[in-house]
Each structure stands twice: as structure tokens, then as C-alpha cells.
$ cat data39.csv   # CSV, N, CA, C and O atoms
chain,number,residue,atom,x,y,z
S,285,MET,N,-10.2,-40.8,0.8
S,285,MET,CA,-11.2,-40.4,1.7
S,285,MET,C,-11.7,-39.0,1.2
S,285,MET,O,-11.0,-38.1,0.9
S,286,LEU,N,-13.0,-38.9,1.1
S,286,LEU,CA,-13.7,-37.7,0.7
S,286,LEU,C,-13.8,-36.7,1.8
S,286,LEU,O,-14.2,-37.1,2.9
S,287,VAL,N,-13.5,-35.4,1.6
S,287,VAL,CA,-13.7,-34.4,2.6
S,287,VAL,C,-15.0,-33.7,2.4
S,287,VAL,O,-15.3,-33.3,1.2
S,288,ALA,N,-15.8,-33.5,3.4
S,288,ALA,CA,-17.1,-32.8,3.3
S,288,ALA,C,-16.8,-31.4,2.9
S,288,ALA,O,-15.9,-30.8,3.4
S,289,ASN,N,-17.6,-30.8,2.1
S,289,ASN,CA,-17.6,-29.4,1.7
S,289,ASN,C,-16.2,-29.0,1.1
S,289,ASN,O,-15.7,-27.9,1.3
S,290,ALA,N,-15.6,-29.9,0.3
S,290,ALA,CA,-14.3,-29.7,-0.3
S,290,ALA,C,-14.4,-28.4,-1.2
S,290,ALA,O,-13.4,-27.6,-1.2
S,291,ASP,N,-15.5,-28.1,-1.8
S,291,ASP,CA,-15.6,-26.9,-2.6
S,291,ASP,C,-15.6,-25.7,-1.8
S,291,ASP,O,-14.9,-24.7,-2.2
S,292,VAL,N,-16.2,-25.7,-0.6
S,292,VAL,CA,-16.1,-24.5,0.2
S,292,VAL,C,-14.7,-24.3,0.7
S,292,VAL,O,-14.1,-23.2,0.7
S,293,ARG,N,-14.1,-25.4,1.2
S,293,ARG,CA,-12.7,-25.3,1.7
S,293,ARG,C,-11.7,-24.8,0.6
S,293,ARG,O,-10.8,-24.0,0.9
S,294,LYS,N,-11.9,-25.3,-0.6
S,294,LYS,CA,-11.0,-24.9,-1.7
S,294,LYS,C,-11.2,-23.4,-2.0
S,294,LYS,O,-10.2,-22.7,-2.2
S,295,ARG,N,-12.4,-23.0,-2.0
S,295,ARG,CA,-12.7,-21.6,-2.3
S,295,ARG,C,-12.1,-20.7,-1.2
S,295,ARG,O,-11.6,-19.6,-1.6
S,296,LEU,N,-12.2,-21.1,0.0
S,296,LEU,CA,-11.6,-20.3,1.1
S,296,LEU,C,-10.1,-20.2,0.9
S,296,LEU,O,-9.5,-19.1,1.1
S,297,LYS,N,-9.5,-21.3,0.5
S,297,LYS,CA,-8.0,-21.3,0.3
S,297,LYS,C,-7.6,-20.4,-0.8
S,297,LYS,O,-6.7,-19.7,-0.7
S,298,GLU,N,-8.4,-20.5,-1.9
S,298,GLU,CA,-8.1,-19.7,-3.1
S,298,GLU,C,-8.2,-18.2,-2.8
S,298,GLU,O,-7.4,-17.4,-3.3
S,299,ALA,N,-9.2,-17.9,-2.0
S,299,ALA,CA,-9.5,-16.5,-1.7
S,299,ALA,C,-8.6,-16.0,-0.6
S,299,ALA,O,-8.6,-14.8,-0.2
S,300,GLU,N,-7.8,-16.9,0.0
S,300,GLU,CA,-6.9,-16.6,1.2
S,300,GLU,C,-7.7,-15.9,2.3
S,300,GLU,O,-7.3,-14.9,2.9
S,301,ILE,N,-8.8,-16.6,2.6
S,301,ILE,CA,-9.7,-16.1,3.7
S,301,ILE,C,-9.7,-17.2,4.8
S,301,ILE,O,-9.8,-18.4,4.6
S,302,LYS,N,-9.4,-16.7,6.0
S,302,LYS,CA,-9.4,-17.6,7.2
S,302,LYS,C,-10.8,-18.0,7.7
S,302,LYS,O,-11.7,-17.2,7.4
S,303,HIS,N,-10.9,-19.1,8.3
S,303,HIS,CA,-12.2,-19.5,8.8
S,303,HIS,C,-12.8,-18.5,9.8
S,303,HIS,O,-14.0,-18.3,9.7
S,304,TRP,N,-12.0,-17.9,10.6
S,304,TRP,CA,-12.5,-17.0,11.6
S,304,TRP,C,-13.1,-15.7,10.9
S,304,TRP,O,-14.1,-15.2,11.3
S,305,MET,N,-12.5,-15.4,9.8
S,305,MET,CA,-13.0,-14.2,9.0
S,305,MET,C,-14.4,-14.5,8.4
S,305,MET,O,-15.3,-13.7,8.5
S,306,LEU,N,-14.5,-15.7,7.9
S,306,LEU,CA,-15.8,-16.1,7.3
S,306,LEU,C,-16.9,-16.3,8.4
S,306,LEU,O,-18.0,-15.8,8.2
S,307,ALA,N,-16.5,-16.9,9.5
S,307,ALA,CA,-17.4,-17.0,10.6
S,307,ALA,C,-17.9,-15.6,11.1
S,307,ALA,O,-19.1,-15.4,11.4
S,308,ASN,N,-17.0,-14.7,11.2
S,308,ASN,CA,-17.4,-13.3,11.6
S,308,ASN,C,-18.4,-12.7,10.6
S,308,ASN,O,-19.4,-12.1,11.1
S,309,LYS,N,-18.1,-12.9,9.4
S,309,LYS,CA,-19.0,-12.4,8.3
S,309,LYS,C,-20.4,-13.0,8.4
S,309,LYS,O,-21.4,-12.3,8.2
S,310,LEU,N,-20.4,-14.3,8.7
S,310,LEU,CA,-21.7,-15.0,8.8
S,310,LEU,C,-22.4,-14.8,10.1
S,310,LEU,O,-23.6,-15.2,10.3
S,311,GLY,N,-21.7,-14.2,11.1
S,311,GLY,CA,-22.3,-13.9,12.4
S,311,GLY,C,-22.4,-15.1,13.3
S,311,GLY,O,-23.3,-15.3,14.1
S,312,CYS,N,-21.4,-16.0,13.1
S,312,CYS,CA,-21.3,-17.2,14.0
S,312,CYS,C,-19.9,-17.3,14.6
S,312,CYS,O,-19.0,-16.6,14.2
S,313,HIS,N,-19.7,-18.2,15.5
S,313,HIS,CA,-18.4,-18.5,16.1
S,313,HIS,C,-17.6,-19.4,15.2
S,313,HIS,O,-18.2,-20.2,14.4
S,314,GLU,N,-16.3,-19.3,15.2
S,314,GLU,CA,-15.4,-20.1,14.4
S,314,GLU,C,-15.7,-21.6,14.6
S,314,GLU,O,-15.7,-22.4,13.7
S,315,THR,N,-15.9,-22.0,15.8
S,315,THR,CA,-16.2,-23.4,16.1
S,315,THR,C,-17.5,-23.9,15.5
S,315,THR,O,-17.6,-25.0,15.0
S,316,THR,N,-18.5,-23.0,15.4
S,316,THR,CA,-19.7,-23.3,14.7
S,316,THR,C,-19.5,-23.6,13.3
S,316,THR,O,-20.0,-24.5,12.7
S,317,LEU,N,-18.7,-22.7,12.6
S,317,LEU,CA,-18.4,-22.9,11.2
S,317,LEU,C,-17.7,-24.2,11.0
S,317,LEU,O,-18.0,-24.9,10.1
S,318,SER,N,-16.8,-24.5,11.9
S,318,SER,CA,-16.0,-25.8,11.8
S,318,SER,C,-16.9,-27.0,11.9
S,318,SER,O,-16.8,-27.9,11.1
S,319,ARG,N,-17.9,-26.9,12.8
S,319,ARG,CA,-18.9,-28.0,12.9
S,319,ARG,C,-19.8,-28.1,11.6
S,319,ARG,O,-20.1,-29.2,11.2
S,320,TRP,N,-20.2,-27.0,11.1
S,320,TRP,CA,-20.9,-27.0,9.8
S,320,TRP,C,-20.2,-27.7,8.7
S,320,TRP,O,-20.8,-28.4,7.9
S,321,LEU,N,-18.9,-27.5,8.7
S,321,LEU,CA,-18.1,-28.0,7.5
S,321,LEU,C,-17.8,-29.5,7.7
S,321,LEU,O,-17.3,-30.1,6.8
S,322,ARG,N,-18.1,-30.1,8.8
S,322,ARG,CA,-17.8,-31.5,9.0
S,322,ARG,C,-18.7,-32.4,8.2
S,322,ARG,O,-18.3,-33.5,7.8
S,323,VAL,N,-19.9,-32.0,7.9
S,323,VAL,CA,-20.9,-32.7,7.1
S,323,VAL,C,-21.3,-31.9,5.9
S,323,VAL,O,-21.2,-30.7,6.0
S,324,GLU,N,-21.6,-32.5,4.8
S,324,GLU,CA,-22.0,-31.8,3.6
S,324,GLU,C,-23.2,-30.9,3.9
S,324,GLU,O,-24.2,-31.3,4.4
S,325,LEU,N,-23.0,-29.6,3.5
S,325,LEU,CA,-24.0,-28.6,3.7
S,325,LEU,C,-25.1,-28.6,2.7
S,325,LEU,O,-24.9,-29.0,1.5
S,326,PRO,N,-26.3,-28.2,3.1
S,326,PRO,CA,-27.4,-28.1,2.1
S,326,PRO,C,-27.1,-26.9,1.1
S,326,PRO,O,-26.4,-26.0,1.4
S,327,PRO,N,-27.6,-27.0,-0.1
S,327,PRO,CA,-27.3,-26.0,-1.1
S,327,PRO,C,-27.5,-24.6,-0.7
S,327,PRO,O,-26.8,-23.7,-1.1
S,328,LYS,N,-28.6,-24.3,0.0
S,328,LYS,CA,-28.9,-22.9,0.4
S,328,LYS,C,-27.9,-22.4,1.3
S,328,LYS,O,-27.5,-21.2,1.2
S,329,LYS,N,-27.4,-23.2,2.3
S,329,LYS,CA,-26.4,-22.7,3.2
S,329,LYS,C,-25.0,-22.5,2.5
S,329,LYS,O,-24.3,-21.6,2.7
S,330,LYS,N,-24.7,-23.4,1.5
S,330,LYS,CA,-23.5,-23.2,0.7
S,330,LYS,C,-23.6,-21.9,-0.1
S,330,LYS,O,-22.6,-21.2,-0.2
S,331,GLU,N,-24.8,-21.6,-0.6
S,331,GLU,CA,-25.0,-20.4,-1.4
S,331,GLU,C,-24.7,-19.2,-0.5
S,331,GLU,O,-24.0,-18.2,-0.9
S,332,LEU,N,-25.1,-19.2,0.7
S,332,LEU,CA,-24.9,-18.1,1.7
S,332,LEU,C,-23.4,-18.0,2.0
S,332,LEU,O,-22.8,-16.9,2.0
S,333,ILE,N,-22.7,-19.1,2.1
S,333,ILE,CA,-21.3,-19.1,2.4
S,333,ILE,C,-20.5,-18.6,1.3
S,333,ILE,O,-19.6,-17.8,1.4
S,334,PHE,N,-20.8,-19.0,0.1
S,334,PHE,CA,-20.1,-18.6,-1.1
S,334,PHE,C,-20.3,-17.1,-1.3
S,334,PHE,O,-19.4,-16.4,-1.7
S,335,LYS,N,-21.5,-16.6,-1.0
S,335,LYS,CA,-21.8,-15.2,-1.2
S,335,LYS,C,-20.9,-14.4,-0.2
S,335,LYS,O,-20.3,-13.4,-0.5
S,336,ALA,N,-20.8,-14.9,1.1
S,336,ALA,CA,-20.0,-14.2,2.1
S,336,ALA,C,-18.5,-14.3,1.7
S,336,ALA,O,-17.8,-13.3,1.9
S,337,ILE,N,-18.0,-15.4,1.1
S,337,ILE,CA,-16.7,-15.4,0.7
S,337,ILE,C,-16.4,-14.4,-0.4
S,337,ILE,O,-15.4,-13.7,-0.4
S,338,ASP,N,-17.3,-14.3,-1.4
S,338,ASP,CA,-17.2,-13.3,-2.4
S,338,ASP,C,-17.1,-11.9,-1.9
S,338,ASP,O,-16.3,-11.1,-2.3
S,339,GLU,N,-17.9,-11.6,-0.9
S,339,GLU,CA,-17.9,-10.3,-0.3
S,339,GLU,C,-16.6,-10.0,0.5
S,339,GLU,O,-16.1,-8.9,0.3
S,340,LEU,N,-16.1,-11.0,1.2
S,340,LEU,CA,-14.9,-10.8,1.9
S,340,LEU,C,-13.7,-10.6,0.9
S,340,LEU,O,-12.8,-9.8,1.1
S,341,GLU,N,-13.7,-11.4,-0.2
S,341,GLU,CA,-12.7,-11.2,-1.2
S,341,GLU,C,-12.7,-9.8,-1.8
S,341,GLU,O,-11.7,-9.2,-2.0
S,342,ALA,N,-13.9,-9.3,-2.1
S,342,ALA,CA,-14.0,-8.0,-2.6
S,342,ALA,C,-13.5,-6.9,-1.6
S,342,ALA,O,-12.8,-6.0,-2.0
S,343,GLU,N,-13.8,-7.1,-0.3
S,343,GLU,CA,-13.3,-6.2,0.7
S,343,GLU,C,-11.8,-6.2,0.8
S,343,GLU,O,-11.2,-5.2,0.9
S,344,GLN,N,-11.2,-7.4,0.6
S,344,GLN,CA,-9.8,-7.5,0.7
S,344,GLN,C,-9.1,-6.8,-0.5
S,344,GLN,O,-8.1,-6.2,-0.4
S,345,GLN,N,-9.8,-6.9,-1.7
S,345,GLN,CA,-9.2,-6.2,-2.9
S,345,GLN,C,-9.3,-4.7,-2.8
S,345,GLN,O,-8.4,-4.0,-3.2
S,346,VAL,N,-10.3,-4.2,-2.2
S,346,VAL,CA,-10.5,-2.8,-2.0
S,346,VAL,C,-9.4,-2.3,-1.0
S,346,VAL,O,-8.9,-1.2,-1.2
S,347,ALA,N,-9.2,-3.1,0.0
S,347,ALA,CA,-8.2,-2.7,1.1
S,347,ALA,C,-6.8,-2.6,0.6
S,347,ALA,O,-5.9,-2.0,1.1
S,348,GLN,N,-6.5,-3.3,-0.5
S,348,GLN,CA,-5.1,-3.3,-1.1
S,348,GLN,C,-4.9,-2.2,-1.9
S,348,GLN,O,-4.9,-1.3,-2.4
$ encode --input "data39.csv" --output "C-alpha cells"
Amino acid sequence: MLVANADVRKRLKEAEIKHWMLANKLGCHETTLSRWLRVELPPKKKELIFKAIDELEAEQQVAQ
């Protein structure tokens, strides 16, 4: 069975970022993000999500 947005989910896991942290960065609720991830996202939305993940990861590295 294929999982929608597997690349996004994998990137979140690798960066050790929780869904609620990403949702907060994107300005949406955690349940909204979960709904978005149920179906394959358009490339522009994925681009925004990957950018937010990169920013969160950089913030985590500075905090350490």
C-alpha cells in the first residue's frame, strides 16, 4: 500500500519534527495538516512544507 506524501513524512521523521510543530510554523491546526497529508499534495504546497521543515530544522540546530 502506498502512503500519500511519503516524502514529506520521511523528511519530518529524519528532521525529528513533530506534526504539531510543522502545523504551527505553517499557521494551521495540526488536524488540518493531517488532512492535507491524506492525499498527495500539489508541488507548490509541498515546496512550502519542505521550506518550513528546513526552517524548523535550522531553528533546532541553533537551539542546541
$ atom_distance --input "data39.csv" --atom1 "atom O of Leu317 of chain S" --atom2 "atom O of His303 of chain S"
7.7 Å
$ atom_distance --input "data39.csv" --atom1 "atom CA of His313 of chain S" --atom2 "atom C of Ile301 of chain S"
14.3 Å
$ atom_distance --input "data39.csv" --atom1 "atom C of Gln345 of chain S" --atom2 "atom O of Cys312 of chain S"
22.9 Å
$ residues_around --input "data39.csv" --residues "Glu300 of chain S" --least-positions-apart "5" --cutoff "8 Å" --atoms "all atoms listed in the file" --output "ChimeraX atom specification"
/S:293-295,340-341
$ closest_residue --input "data39.csv" --among "S:Leu321, S:Val287, S:Val292, S:Ala336" --to "Met305 of chain S" --atoms "all atoms listed in the file"
S:Ala336
$ residues_around --input "data39.csv" --residues "Asn289 of chain S" --least-positions-apart "5" --cutoff "10 Å" --atoms "only C-alpha atoms" --output "PyMOL selection string"
chain S and resi 294+320-326+330
$ closest_residue --input "data39.csv" --among "S:Leu332, S:Ala288, S:Asp338, S:Glu298" --to "Ser318 of chain S" --atoms "only C-alpha atoms"
S:Ala288
$ decode --input "data39.csv" --residues "segment 299-320 of chain S" --atoms "C-alpha atoms" --output "compact mmCIF listing (two decimals), in the first residue's frame"
# COMPACT_ATOMS: atom_id res chain seq x y z
CA ALA S 299 14.43 16.05 10.96
CA GLU S 300 12.77 14.85 14.19
CA ILE S 301 9.99 17.40 13.78
CA LYS S 302 6.52 16.70 15.16
CA HIS S 303 3.41 17.36 13.09
CA TRP S 304 2.19 19.98 15.55
CA MET S 305 5.46 21.91 15.17
CA LEU S 306 5.12 21.97 11.39
CA ALA S 307 1.45 22.96 11.61
CA ASN S 308 2.35 25.82 13.94
CA LYS S 309 5.06 27.01 11.52
CA LEU S 310 2.60 26.85 8.61
CA GLY S 311 -0.07 28.72 10.58
CA CYS S 312 -2.62 25.92 10.56
CA HIS S 313 -4.03 23.47 13.07
CA GLU S 314 -2.47 20.02 13.48
CA THR S 315 -5.66 18.34 12.26
CA THR S 316 -5.58 20.48 9.10
CA LEU S 317 -2.04 19.33 8.38
CA SER S 318 -3.09 15.71 8.96
CA ARG S 319 -5.93 16.13 6.47
CA TRP S 320 -3.57 17.66 3.91
